[in-house]
Amino acid sequence: MDYRLSHLKQLESEAIYVIRETAAQFERPVLLFSGGKDSITLAWLAQKAFSPGKLPFPMMHVDTGHNFPETIEFRDKFVSDMGARLIVGSVQESIDKGRVVEEKGPNPSRNGLQSVTLLDSIEEYKFDACLGGARRDEEKARAKERFFSHRDEFGQWEPKNQRPELWDLYNGFKHPGENFRVFPISNWTELDVWMYLMEEKVPMPNLYFAHKRKVVNRDGVWLAESPFITLMDGEQYEERTVRFRTIGDATCTGAFLSEADTIPAIIDEISTTHITERGGRADDKRSESAMEDRKKQGYF
């Protein structure tokens, strides 16, 4: 009998270990769920970690109110099928309460406003650990995160203050009011995620698969037709065959021209492309340090 694990089973085993360590070391964890492939993978792993029992902590979606309708439809069915409890933090409510101010100008986005809603929700529900689906290969700021990543009493991230991680010993020590972000799939790549989803036959939103859609090219980013996007002078929508590699706020999540309409085709596509996964995210193009700046303010 061969007891060696495939690289996907090694990644799965590591992630489940981190999820169980989180449940053991923290009193009030929560799993952050956006309906994207990484949080779907994370939720799937969490379900495995505690099977046949139910998830021992809730899931939370920070809803910008500018989501793709397919995302919300998928979110509600996926969470219902898991039998999990879903908490929704609303950016619109944060705007209505005066906690954040909606951007103005030609290309407004609510993506950055999520940080305040997230931090307010963490305080309201007294969460001390937020499990997230971020991966180190996504973006250079995320590459600096540890599995257990410390946040101060204001929810801010300071890379220099992270706890050391020795082998697979994770340190969840915190002072009152502080919390941790936990990233069980840090060591996964985009390709690993798709190979795992295929192996496990996990249901996925149709946004990830090539389909015809009206899009407009704005500064190299293909933005889908949406009531939240105002066309500028000279712009017009055109129908293209596209798919999404990330799923977020519709005002800043760009599509990719693609014919990949199955998971094997997606795996073939990302195995050969030179375009990065977040190359279609307009929010990452605002500055060289856009992601790190948002994370220091409490972003995911």
# chains A, B, ... in the order shown; residues from 1 in each chain; ligands from 1
>>> residues_around(residues="region 176-185 of chain A", least_positions_apart="4", cutoff="7 Å", atoms="only C-alpha atoms", output="compact mmCIF listing (two decimals) with N, CA and C atoms, in the first residue's frame")
# COMPACT_ATOMS: atom_id res chain seq x y z
N ALA A 15 -4.23 22.59 5.46
CA ALA A 15 -5.31 23.57 5.64
C ALA A 15 -6.27 23.11 6.74
N VAL A 18 -4.77 23.75 10.10
CA VAL A 18 -4.83 25.16 10.49
C VAL A 18 -6.25 25.53 10.93
N ILE A 19 -7.25 25.03 10.22
CA ILE A 19 -8.65 25.32 10.58
C ILE A 19 -8.97 24.75 11.96
N ASP A 128 -12.66 36.88 17.34
CA ASP A 128 -11.24 37.01 17.65
C ASP A 128 -10.35 36.34 16.60
N ALA A 129 -10.97 35.69 15.61
CA ALA A 129 -10.20 35.11 14.50
C ALA A 129 -11.09 35.07 13.27
N CYS A 130 -10.58 35.57 12.15
CA CYS A 130 -11.33 35.55 10.89
C CYS A 130 -10.57 34.69 9.89
N LEU A 131 -11.15 33.54 9.57
CA LEU A 131 -10.55 32.66 8.57
C LEU A 131 -10.81 33.22 7.18
N GLY A 132 -9.76 33.39 6.39
CA GLY A 132 -9.91 33.95 5.05
C GLY A 132 -9.25 33.07 4.00
N GLY A 133 -9.65 33.25 2.75
CA GLY A 133 -9.15 32.42 1.66
C GLY A 133 -8.01 33.03 0.87
N ALA A 134 -7.32 34.03 1.45
CA ALA A 134 -6.20 34.65 0.73
C ALA A 134 -5.05 33.67 0.56
N ARG A 135 -4.33 33.83 -0.56
CA ARG A 135 -3.19 32.96 -0.87
C ARG A 135 -1.95 33.82 -1.12
N PHE A 147 0.26 32.29 8.50
CA PHE A 147 -1.00 31.54 8.65
C PHE A 147 -1.87 32.22 9.71
N PHE A 148 -1.27 32.50 10.88
CA PHE A 148 -1.95 33.25 11.93
C PHE A 148 -1.38 34.66 11.88
N SER A 149 -2.18 35.61 11.42
CA SER A 149 -1.67 36.95 11.17
C SER A 149 -2.33 37.94 12.14
N HIS A 150 -1.50 38.57 12.95
CA HIS A 150 -1.98 39.41 14.04
C HIS A 150 -2.57 40.73 13.55
N ARG A 151 -3.64 41.18 14.21
CA ARG A 151 -4.22 42.52 14.00
C ARG A 151 -4.31 43.21 15.35
N ASP A 152 -4.01 44.51 15.39
CA ASP A 152 -4.04 45.22 16.67
C ASP A 152 -5.48 45.55 17.07
N GLU A 153 -5.62 46.30 18.17
CA GLU A 153 -6.96 46.58 18.70
C GLU A 153 -7.79 47.45 17.76
>>> select_by_dssp(residues="region 118-270 of chain A", states="helix (DSSP H, G or I)", output="number ranges by chain")
A: 118-125, 142-144, 159-161, 190-200, 206-208, 263-270
>>> closest_residue(among="A:Lys37, A:Arg85, A:Lys77, A:Arg213", to="Met60 (chain A)", atoms="only C-alpha atoms")
A:Arg85
>>> closest_atom_pairs(of="region 238-281 of chain A", to="region 91-114 of chain A", cutoff="12 Å", atoms="only C-alpha atoms", output="tab-separated table")
residue	atom	partner	partner_atom	distance
A:Ile247	CA	A:Asn111	CA	11.5
A:Gly248	CA	A:Asn111	CA	7.9
A:Asp249	CA	A:Asn111	CA	6.0
A:Ala250	CA	A:Ser109	CA	8.6
A:Thr251	CA	A:Ser109	CA	5.7
A:Cys252	CA	A:Ser109	CA	6.5
A:Thr253	CA	A:Asn111	CA	9.5
A:Arg281	CA	A:Asn111	CA	10.6
>>> residues_around(residues="Ser6 (chain A)", least_positions_apart="3", cutoff="12 Å", atoms="only C-alpha atoms", output="VMD selection string")
chain A and resid 2 to 3 9 to 13 192 195 to 196 199
>>> select_by_dssp(residues="region 141-240 of chain A", states="strand (DSSP E)", output="number ranges by chain")
A: 148-151, 179-182, 211-218, 221-224, 238-240
